[in-house]
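**Q** Okay, handing you the structure first.
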Amino acid sequence: MNETPTVQSLFEALRDRLGLRWVTGKDHGSNPLRGDQIQDPDVSLAGYLNLIHPHRIQVIGASEFAWLRQLRKNTRLDSLDLLFSGISDLVIMADGQKAGEEMLQRTKGSPTPIWSSTRPSQYLVEHLQYHLANLLAKKTTLHGVFMEIMGVGVLIAGNASIGKSELALELVARGHRLVADDAPEFARLAPDILNGRCPPMLEDFLEVRGLGILNIRSMFGDSAIKQNRNLRLIIRLEDMSDSQIRTIDRLQGSRATRTILGVDIPEITLPVAPGRNLAVLAEAAVRNHLLYLKGRDASAEFIARQAHFMDNASS
């Protein structure tokens, strides 16, 4: 499970980038950011002041502050009472706006702190949404080698000792890039996006049986390492007998779909057998996958061509 971030930890992470400073509520820095509710369609992580569908972090810039000022006094005070009732975790005054006396009065006894920044409200919202989406995203760790092959994030999976690391090493030697060996971490950043990266302790390293631990960056240069990539394809290596290989569909190959954190990822199974060049097969699988995404299905094209020739032959 992800460690629950707090208001203080968020402040420390973004203080310099966003020019943040505490205005009130520093004693509430240990308050957790309630990311467990981000799946609620009526709740977003950060955004401009909204009291109907309140954000976890409410940003008040010049426009929002002008809107508050033009409200009748009773309506404005009611709005401020609601804002600091605990519906949100944090309020940030953007554009150098100053929290007025009415607002400061409402913070007394409120669990909602106020920060300030001279940065534009749009700048704050964009950075907060990106940072929190990564911080609070659902995460999982998968076994395999995660690589960038022809610009595509590919997880090479399979049982232990099947040859994943050897295949990864050959692919790196052919110009492709390593993201993570053994235990890549994946986070769902959007409904259809899984982003994978390497745990800090394993960065740059690849374990190959017989060779031990290799530093891929030192051996092949910085260009052989990719910091992160979106997962778009899984290539599963499987040890198969001749009889099992003969059962694979000759036209379609062995294709399936694997669901990870609610995201469907295409999976291709490559049989491991003597004499098969797995690096070439992996590259071909990625090339064919890219064509498939563009609407080109080789098996469908072959079937259509065969049908055309049969029609011509019978006429």
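We name chains A, B, ... following the order of the structure tokens; residues begin at 1 in each chain, and ligands are numbered from 1 as shown.
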Could you tell me, as number ranges by chain, which residues of stretch 178-288 of chain A DSSP assigns to strand (DSSP E) when given the backbone?
**A** A: 178-180, 185-190, 193-197, 205-208, 212-215, 228-239, 255-260, 263-272
**Q** Contacts of A:Pro54 at 12 Å or less, counting only C-alpha atoms, minus same-chain residues fewer than 3 places along, as a ChimeraX atom specification?
**A** /A:38,40-51,57-59,79,82-91
**Q** Near A:Ala133, within 12 Å and counting only C-alpha atoms, which residues show up once chain neighbours fewer than 2 positions away are dropped, as a PDB file with N, CA and C atoms, in the first residue's frame?
**A**
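What ended up in result_2.pdb:
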```
ATOM      1  N   GLY A  35      -6.232  11.027  -0.107  1.00  0.00           N
ATOM      2  CA  GLY A  35      -6.178  10.497  -1.463  1.00  0.00           C
ATOM      3  C   GLY A  35      -7.007   9.253  -1.657  1.00  0.00           C
ATOM      4  N   ASP A  36      -7.496   8.640  -0.544  1.00  0.00           N
ATOM      5  CA  ASP A  36      -8.280   7.420  -0.668  1.00  0.00           C
ATOM      6  C   ASP A  36      -9.614   7.669  -1.331  1.00  0.00           C
ATOM      7  N   ILE A  38      -9.977   9.689  -4.091  1.00  0.00           N
ATOM      8  CA  ILE A  38      -9.793  10.308  -5.398  1.00  0.00           C
ATOM      9  C   ILE A  38     -10.586   9.611  -6.485  1.00  0.00           C
ATOM     10  N   GLN A  39     -11.096   8.402  -6.219  1.00  0.00           N
ATOM     11  CA  GLN A  39     -11.909   7.738  -7.230  1.00  0.00           C
ATOM     12  C   GLN A  39     -13.331   8.287  -7.273  1.00  0.00           C
ATOM     13  N   SER A  44     -11.869  16.051  -6.835  1.00  0.00           N
ATOM     14  CA  SER A  44     -10.593  16.073  -7.541  1.00  0.00           C
ATOM     15  C   SER A  44      -9.500  16.440  -6.544  1.00  0.00           C
ATOM     16  N   LEU A  45      -8.269  16.232  -6.941  1.00  0.00           N
ATOM     17  CA  LEU A  45      -7.161  16.434  -6.026  1.00  0.00           C
ATOM     18  C   LEU A  45      -6.891  17.909  -5.764  1.00  0.00           C
ATOM     19  N   ALA A  46      -6.838  18.688  -6.819  1.00  0.00           N
ATOM     20  CA  ALA A  46      -6.526  20.110  -6.668  1.00  0.00           C
ATOM     21  C   ALA A  46      -7.201  20.889  -7.777  1.00  0.00           C
ATOM     22  N   VAL A 125      -2.102  24.909  -9.917  1.00  0.00           N
ATOM     23  CA  VAL A 125      -3.039  23.812 -10.148  1.00  0.00           C
ATOM     24  C   VAL A 125      -2.408  22.730 -11.011  1.00  0.00           C
ATOM     25  N   GLU A 126      -1.738  23.121 -12.079  1.00  0.00           N
ATOM     26  CA  GLU A 126      -1.121  22.139 -12.977  1.00  0.00           C
ATOM     27  C   GLU A 126      -0.069  21.301 -12.253  1.00  0.00           C
ATOM     28  N   HIS A 127       0.796  21.941 -11.474  1.00  0.00           N
ATOM     29  CA  HIS A 127       1.845  21.211 -10.770  1.00  0.00           C
ATOM     30  C   HIS A 127       1.283  20.350  -9.645  1.00  0.00           C
ATOM     31  N   LEU A 128       0.292  20.861  -8.936  1.00  0.00           N
ATOM     32  CA  LEU A 128      -0.308  20.082  -7.857  1.00  0.00           C
ATOM     33  C   LEU A 128      -1.010  18.842  -8.402  1.00  0.00           C
ATOM     34  N   GLN A 129      -1.758  19.003  -9.487  1.00  0.00           N
ATOM     35  CA  GLN A 129      -2.474  17.858 -10.059  1.00  0.00           C
ATOM     36  C   GLN A 129      -1.495  16.786 -10.534  1.00  0.00           C
ATOM     37  N   TYR A 130      -0.421  17.202 -11.188  1.00  0.00           N
ATOM     38  CA  TYR A 130       0.559  16.235 -11.686  1.00  0.00           C
ATOM     39  C   TYR A 130       1.254  15.531 -10.520  1.00  0.00           C
ATOM     40  N   HIS A 131       1.687  16.307  -9.529  1.00  0.00           N
ATOM     41  CA  HIS A 131       2.410  15.721  -8.400  1.00  0.00           C
ATOM     42  C   HIS A 131       1.521  14.766  -7.615  1.00  0.00           C
ATOM     43  N   LEU A 135       1.693  10.785  -6.821  1.00  0.00           N
ATOM     44  CA  LEU A 135       1.885  10.426  -5.420  1.00  0.00           C
ATOM     45  C   LEU A 135       0.804   9.486  -4.918  1.00  0.00           C
ATOM     46  N   LEU A 136      -0.439   9.737  -5.345  1.00  0.00           N
ATOM     47  CA  LEU A 136      -1.578   8.998  -4.804  1.00  0.00           C
ATOM     48  C   LEU A 136      -2.095   7.913  -5.745  1.00  0.00           C
ATOM     49  N   ALA A 137      -1.416   7.729  -6.875  1.00  0.00           N
ATOM     50  CA  ALA A 137      -1.887   6.730  -7.836  1.00  0.00           C
ATOM     51  C   ALA A 137      -1.799   5.321  -7.249  1.00  0.00           C
ATOM     52  N   LYS A 138      -2.707   4.455  -7.700  1.00  0.00           N
ATOM     53  CA  LYS A 138      -2.612   3.049  -7.328  1.00  0.00           C
ATOM     54  C   LYS A 138      -1.343   2.463  -7.925  1.00  0.00           C
ATOM     55  N   LYS A 139      -0.628   1.671  -7.125  1.00  0.00           N
ATOM     56  CA  LYS A 139       0.662   1.141  -7.562  1.00  0.00           C
ATOM     57  C   LYS A 139       0.730  -0.368  -7.356  1.00  0.00           C
ATOM     58  N   ALA A 187       2.343   2.483 -11.815  1.00  0.00           N
ATOM     59  CA  ALA A 187       1.325   3.324 -11.199  1.00  0.00           C
ATOM     60  C   ALA A 187       0.292   3.686 -12.247  1.00  0.00           C
ATOM     61  N   ARG A 188      -0.981   3.621 -11.880  1.00  0.00           N
ATOM     62  CA  ARG A 188      -2.043   4.003 -12.818  1.00  0.00           C
ATOM     63  C   ARG A 188      -2.260   5.504 -12.718  1.00  0.00           C
ATOM     64  N   LEU A 189      -1.795   6.224 -13.734  1.00  0.00           N
ATOM     65  CA  LEU A 189      -1.882   7.679 -13.736  1.00  0.00           C
ATOM     66  C   LEU A 189      -3.165   8.191 -14.368  1.00  0.00           C
ATOM     67  N   ALA A 190      -3.834   7.349 -15.134  1.00  0.00           N
ATOM     68  CA  ALA A 190      -5.081   7.706 -15.803  1.00  0.00           C
ATOM     69  C   ALA A 190      -5.834   6.403 -16.035  1.00  0.00           C
ATOM     70  N   PRO A 191      -7.113   6.479 -16.422  1.00  0.00           N
ATOM     71  CA  PRO A 191      -7.883   5.245 -16.608  1.00  0.00           C
ATOM     72  C   PRO A 191      -7.251   4.237 -17.552  1.00  0.00           C
ATOM     73  N   ILE A 193      -3.694   4.435 -18.485  1.00  0.00           N
ATOM     74  CA  ILE A 193      -2.241   4.627 -18.505  1.00  0.00           C
ATOM     75  C   ILE A 193      -1.607   4.016 -17.264  1.00  0.00           C
ATOM     76  N   ASN A 195       2.148   3.716 -15.787  1.00  0.00           N
ATOM     77  CA  ASN A 195       3.510   4.200 -15.957  1.00  0.00           C
ATOM     78  C   ASN A 195       4.450   3.372 -15.095  1.00  0.00           C
TER      79      ASN A 195
END
```
**Q** Counting only C-alpha atoms, what is within 12 Å of A:Phe220, bar same-chain residues fewer than 6 positions away, as a list in words?
**A**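 Once the adjacent positions are removed, what remains is Leu169, Glu170, Leu171, Val172, Ala173, Arg174, Gly175, His176, Arg177, Leu178, Asp204, Phe205 and Leu214 of chain A.
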**Q** Please determine, counting only C-alpha atoms, which residue among A:Ser223, A:Asn288, A:Asn134, A:Ser243 has the shortest atom-to-atom distance to A:Gly196.
**A** A:Asn134
**Q** Which polymer residues have any atom within 7 Å of an atom of stretch 273-281 of chain A, counting only C-alpha atoms, with same-chain residues fewer than 2 positions away left out, as a list in words?
**A**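 My list of contacting residues is Leu167, Glu170, Leu171, Asp239, Pro271, Glu283, Ala284 and Ala285 of chain A.
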**Q** Ranking A:Pro200, A:Gly210, A:Pro111, A:Gly144 by minimum distance to A:Asn31 and counting only C-alpha atoms, which one comes first?
**A**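 Checking each candidate against A:Asn31, we get A:Pro111 as the closest.
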**Q** Find the spatial neighbours of A:Gly19, counting only C-alpha atoms, within a cut-off of 8 Å - ignore same-chain residues fewer than 4 positions away - and output them as a ChimeraX atom specification.
**A** /A:14-15,117-119
**Q** Take the selection from the previous step and output its residues with C-alpha atoms, as an mmCIF file, in the first residue's frame.
**A**
```
data_model
loop_
_atom_site.group_PDB
_atom_site.id
_atom_site.type_symbol
_atom_site.label_atom_id
_atom_site.label_comp_id
_atom_site.auth_asym_id
_atom_site.auth_seq_id
_atom_site.Cartn_x
_atom_site.Cartn_y
_atom_site.Cartn_z
ATOM 1 C CA LEU A 14 6.858 21.490 -3.492
ATOM 2 C CA ARG A 15 7.990 24.440 -1.378
ATOM 3 C CA SER A 117 2.389 31.672 -3.194
ATOM 4 C CA THR A 118 3.213 34.427 -5.640
ATOM 5 C CA ARG A 119 2.945 31.930 -8.520
#
```
**Q** Residues within 12 Å of A:Asn215, please, as JSON, numbers by chain. Count only C-alpha atoms; anything in the same chain fewer than 3 positions from it doesn't count.
**A** {"A": [169, 172, 178, 180, 181, 202, 203, 204, 205, 206, 207, 208, 211, 212, 218, 219, 220, 221, 222, 224, 225]}
**Q** Find, counting only C-alpha atoms, the residue in A:Ala94, A:Leu80, A:Ala183, A:Ile235 that gets nearest to A:Ser63.
**A**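 Closest candidate: A:Ala94.
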**Q** Counting only C-alpha atoms, which residue out of A:Ala62, A:Ala282, A:Ser161, A:Leu194 sits closest to A:Asn230?
**A**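 Using only C-alpha atoms, A:Asn230 sits closest to A:Leu194.
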**Q** Just to confirm, what's the straight-line distance from atom CA of A:Phe146 to atom CA of A:Val179 in Å (one decimal)?
**A** 5.4 Å
**Q** Counting only C-alpha atoms, figure out which residue out of A:Ser241, A:Thr269, A:Ser30, A:Gln8 gets nearest to A:Leu155.
**A** A:Thr269
**Q** Could you pull out the residues in stretch 35-228 of chain A that DSSP calls alpha helix (DSSP H) from the backbone, as a PyMOL selection string?
**A** chain A and resi 62-70+73-83+101-106+121-136+164-173+216-220
**Q** Could you tell me how far atom CA of A:Ser165 lies from atom CA of A:Pro184, in Å and to one decimal?
**A** 13.3 Å
**Q** Kindly indicate which residue among A:Ile248, A:Thr257, A:Asp264, A:Arg232 lies nearest to A:His289, using only C-alpha atoms for the distances.
**A**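 For A:His289, the nearest of the candidates is A:Arg232.
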**Q** Quote the spacing between atom CA of A:Arg34 and atom CA of A:Phe11 in Å to one decimal place.
**A**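 Computing it gives 15.2 Å between the two atoms.
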